[in-house]
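Report on one structure; see the data block that follows.
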Amino acid sequence: NVIITGDVRAHFASLSGTSSSPKVYNSNRTEKIRTRLTFQGRVNDNWDFVGRIENNHDLDTQNIKTTGNQEETLFQNAYLKGRIGGVAVKAGRFDLVRDEDGNIFDNQFDGITMSYGNKYKISGYYGKPSFTDTSKMPNRIITNTPVDNEGWRKCYGVNLSAELGKTISLTTGYDSFIDNENGFDDNHIFDASLKYHSGKVTLGLSGFRSGSDTAKNKDGVVVSFKYNKAFAKKPK
C-alpha cells in the first residue's frame, strides 16, 4: 500500500531595515503559496520508502517581473527509513532539523541519521546539505550570486537528549560544517538547551557557541515560548 498525504502553506513577509550584505530579495515583501504531496510505501516489515513533491507559487508580482519565475515544482525528498535492531535509521535526501527549533540547521540534507533511545537518546548524522541556501546556512555570506550544491563539502553532528520527568528536557550537541571553497570558514557549533513543559505551554532557553575563526559573534542565545501545537498529518 502507498499512503499519500499533503499540506498547503500560505506565506507573507514584510521586510524592512538595512544590511551590510547585498540585498537578498527583489522587493520588500514575499508572498508565496507552498503545496506538498508526500508518498510513503512499505518496502518490507522493517523499512519504508518516502518521497515528496513540492510546488512553490510566487504571488509577488514585482518579484515575478524581476526574476521571470512564477512557480517551480521539485521532487524534493527520497529516502528510506527503518530500524536495525534498536537503532532508528534514515538514509537518502530528507529534511534535517538540528536543534529542535532549527536554529542551527533546517533544510534538505543528503546523508544518513541514526538514533537510539527514547527517554534518554543519542543521535547523529553524516552527509551534506542538499542545496546551499545561504539564508539558512551557518556562517555563510549572503549574496545575489547563486552558490552551487558543493558549497558545503560535508557536515556531521551528534546530539544527546534527556527527559527529566514530565516537565523538563535537556539537550546538548555538536555540529560541524566543512566548507569546500577557499574564502569561507568551516563552522563547528556547540549547543545546549533547557525546556520546561507545562500543559500547552513550553518555555525554552538555548545557548550556542561557534568555533568559526571569522565569526564576529561566536555566542548566541535563543529564548522561546510556545503555546499549543499544530501539526500537519504525516504518514505513520
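Chain identifiers are assigned as A, B, and so on, following the order in which chains appear in the C-alpha cells; residues are numbered from 1 within each chain, and ligands are numbered from 1 in order of appearance.
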
Give me every strand (DSSP E) residue in stretch 36-137 of chain A, going by DSSP on the backbone, as number ranges by chain.
A: 36-42, 47-58, 71-84, 87-98, 105-117, 120-129

What's around A:Lys226 at 12 Å? Count only C-alpha atoms, leave out sequence neighbours fewer than 5 positions away in its own chain, and write the answer as an MDAnalysis selection string.
chainID A and resid 101 195:205

What's around A:Leu160 at 7 Å? Count only C-alpha atoms, leave out sequence neighbours fewer than 4 positions away in its own chain, and write the answer as a VMD selection string.
chain A and resid 121 to 123 171 to 173

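Neighbours of A:Glu163 closer than or equal to 10 Å, with only C-alpha atoms counted and sequence neighbours fewer than 2 positions away skipped, come out as Asn118, Lys119, Tyr120, Lys121, Ser161, Gly165, Lys166, Thr167, Ile168, Ser169, Leu170, Thr171 and Lys195 of chain A.
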
Mind writing the picked residues with N, CA, C and O atoms as an mmCIF file, in the first residue's frame?
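Wrote it out as part_11.cif, contents follow:
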```cif
data_model
loop_
_atom_site.group_PDB
_atom_site.id
_atom_site.type_symbol
_atom_site.label_atom_id
_atom_site.label_comp_id
_atom_site.auth_asym_id
_atom_site.auth_seq_id
_atom_site.Cartn_x
_atom_site.Cartn_y
_atom_site.Cartn_z
ATOM 1 N N ASN A 118 14.878 6.508 23.864
ATOM 2 C CA ASN A 118 13.586 7.193 23.893
ATOM 3 C C ASN A 118 13.632 8.321 24.927
ATOM 4 O O ASN A 118 13.800 9.477 24.580
ATOM 5 N N LYS A 119 13.523 7.965 26.188
ATOM 6 C CA LYS A 119 13.597 8.976 27.239
ATOM 7 C C LYS A 119 14.999 9.581 27.309
ATOM 8 O O LYS A 119 15.169 10.783 27.506
ATOM 9 N N TYR A 120 15.995 8.735 27.143
ATOM 10 C CA TYR A 120 17.377 9.172 27.019
ATOM 11 C C TYR A 120 17.838 8.749 25.632
ATOM 12 O O TYR A 120 17.803 7.559 25.301
ATOM 13 N N LYS A 121 18.259 9.705 24.811
ATOM 14 C CA LYS A 121 18.508 9.401 23.411
ATOM 15 C C LYS A 121 19.851 9.964 22.954
ATOM 16 O O LYS A 121 20.245 11.061 23.349
ATOM 17 N N SER A 161 20.045 13.831 24.362
ATOM 18 C CA SER A 161 18.853 14.429 24.959
ATOM 19 C C SER A 161 18.340 13.560 26.095
ATOM 20 O O SER A 161 18.538 12.343 26.113
ATOM 21 N N GLY A 165 11.548 13.669 34.079
ATOM 22 C CA GLY A 165 10.151 13.753 34.473
ATOM 23 C C GLY A 165 9.288 14.180 33.299
ATOM 24 O O GLY A 165 9.645 13.997 32.136
ATOM 25 N N LYS A 166 8.151 14.795 33.585
ATOM 26 C CA LYS A 166 7.212 15.207 32.546
ATOM 27 C C LYS A 166 7.347 16.682 32.163
ATOM 28 O O LYS A 166 6.690 17.127 31.224
ATOM 29 N N THR A 167 8.197 17.424 32.871
ATOM 30 C CA THR A 167 8.224 18.861 32.643
ATOM 31 C C THR A 167 9.555 19.397 32.119
ATOM 32 O O THR A 167 9.590 20.464 31.506
ATOM 33 N N ILE A 168 10.655 18.701 32.338
ATOM 34 C CA ILE A 168 11.974 19.218 31.989
ATOM 35 C C ILE A 168 12.640 18.329 30.940
ATOM 36 O O ILE A 168 12.621 17.109 31.041
ATOM 37 N N SER A 169 13.220 18.958 29.916
ATOM 38 C CA SER A 169 14.013 18.230 28.929
ATOM 39 C C SER A 169 15.317 18.983 28.682
ATOM 40 O O SER A 169 15.341 20.219 28.639
ATOM 41 N N LEU A 170 16.395 18.222 28.526
ATOM 42 C CA LEU A 170 17.720 18.781 28.309
ATOM 43 C C LEU A 170 18.309 18.213 27.025
ATOM 44 O O LEU A 170 18.123 17.029 26.725
ATOM 45 N N THR A 171 19.013 19.033 26.260
ATOM 46 C CA THR A 171 19.709 18.556 25.070
ATOM 47 C C THR A 171 21.059 19.257 24.964
ATOM 48 O O THR A 171 21.214 20.401 25.402
ATOM 49 N N LYS A 195 14.360 23.020 28.404
ATOM 50 C CA LYS A 195 12.965 23.349 28.118
ATOM 51 C C LYS A 195 12.067 22.878 29.256
ATOM 52 O O LYS A 195 12.278 21.821 29.848
#
```

Write out as an MDAnalysis selection string the residues lying within 7 Å of A:His57, counting only C-alpha atoms and excluding same-chain residues fewer than 4 positions away.
chainID A and resid 32:34 70:72

Just the selected residues (all heavy atoms), exported as a tab-separated table (two decimals), in the first residue's frame, please.
```tsv
chain	number	residue	atom	x	y	z
A	32	LYS	N	3.91	33.90	-0.99
A	32	LYS	CA	4.02	32.61	-1.65
A	32	LYS	C	3.00	31.63	-1.11
A	32	LYS	O	2.53	31.74	0.03
A	32	LYS	CB	5.43	32.02	-1.46
A	32	LYS	CG	6.53	32.79	-2.16
A	32	LYS	CD	7.87	32.10	-1.98
A	32	LYS	CE	8.97	32.85	-2.72
A	32	LYS	NZ	10.29	32.19	-2.59
A	33	ILE	N	2.66	30.65	-1.94
A	33	ILE	CA	1.85	29.50	-1.52
A	33	ILE	C	2.67	28.25	-1.80
A	33	ILE	O	3.15	28.05	-2.92
A	33	ILE	CB	0.51	29.45	-2.26
A	33	ILE	CG1	-0.37	30.63	-1.86
A	33	ILE	CG2	-0.21	28.13	-1.95
A	33	ILE	CD1	-1.71	30.67	-2.56
A	34	ARG	N	2.84	27.42	-0.79
A	34	ARG	CA	3.60	26.18	-0.94
A	34	ARG	C	2.67	24.98	-0.73
A	34	ARG	O	1.92	24.92	0.24
A	34	ARG	CB	4.71	26.10	0.09
A	34	ARG	CG	5.64	24.90	-0.09
A	34	ARG	CD	6.51	24.69	1.13
A	34	ARG	NE	5.73	24.17	2.26
A	34	ARG	CZ	6.21	24.01	3.48
A	34	ARG	NH1	7.45	24.38	3.76
A	34	ARG	NH2	5.44	23.52	4.45
A	70	GLN	N	7.45	32.32	-11.81
A	70	GLN	CA	6.24	32.41	-11.00
A	70	GLN	C	6.07	31.19	-10.11
A	70	GLN	O	5.58	31.31	-9.00
A	70	GLN	CB	5.02	32.57	-11.90
A	70	GLN	CG	3.73	32.76	-11.11
A	70	GLN	CD	2.55	33.10	-11.99
A	70	GLN	OE1	2.65	33.08	-13.20
A	70	GLN	NE2	1.42	33.42	-11.38
A	71	GLU	N	6.49	30.02	-10.58
A	71	GLU	CA	6.37	28.84	-9.75
A	71	GLU	C	7.39	27.80	-10.19
A	71	GLU	O	7.93	27.84	-11.30
A	71	GLU	CB	4.96	28.26	-9.82
A	71	GLU	CG	4.56	27.70	-11.17
A	71	GLU	CD	3.19	27.05	-11.13
A	71	GLU	OE1	2.87	26.42	-10.12
A	71	GLU	OE2	2.46	27.17	-12.12
A	72	GLU	N	7.65	26.86	-9.29
A	72	GLU	CA	8.52	25.74	-9.60
A	72	GLU	C	8.02	24.51	-8.85
A	72	GLU	O	7.46	24.60	-7.76
A	72	GLU	CB	9.97	26.03	-9.21
A	72	GLU	CG	10.18	26.26	-7.72
A	72	GLU	CD	11.64	26.46	-7.36
A	72	GLU	OE1	12.49	26.33	-8.26
A	72	GLU	OE2	11.93	26.72	-6.17
```

Nearby residues (only C-alpha atoms) at most 12 Å from stretch 10-12 of chain A, same-chain spacing under 3 positions excluded, as a ChimeraX atom specification
/A:7,15,28-36,55-60

Residues within 8 Å of A:Lys90, only C-alpha atoms, excluding chain neighbours under 4 positions, as number ranges by chain:
A: 79-82, 112-114

Can I get the selection written as a PDB file, in the first residue's frame, with C-alpha atoms?
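So the final result, stored in out-v2.pdb, reads:
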```
ATOM      1  CA  TYR A  79      14.682   8.330   1.465  1.00  0.00           C
ATOM      2  CA  LEU A  80      14.425   5.020   3.299  1.00  0.00           C
ATOM      3  CA  LYS A  81      13.600   4.821   6.979  1.00  0.00           C
ATOM      4  CA  GLY A  82      13.547   1.810   9.276  1.00  0.00           C
ATOM      5  CA  ILE A 112      22.164   9.322   6.999  1.00  0.00           C
ATOM      6  CA  THR A 113      20.867   9.812  10.525  1.00  0.00           C
ATOM      7  CA  MET A 114      20.847   7.247  13.329  1.00  0.00           C
TER       8      MET A 114
END
```

Measuring atom to atom with only C-alpha atoms, identify which of A:Cys155, A:Gly41, A:Ala88, A:Asp191 is nearest to A:Glu100.
A:Asp191
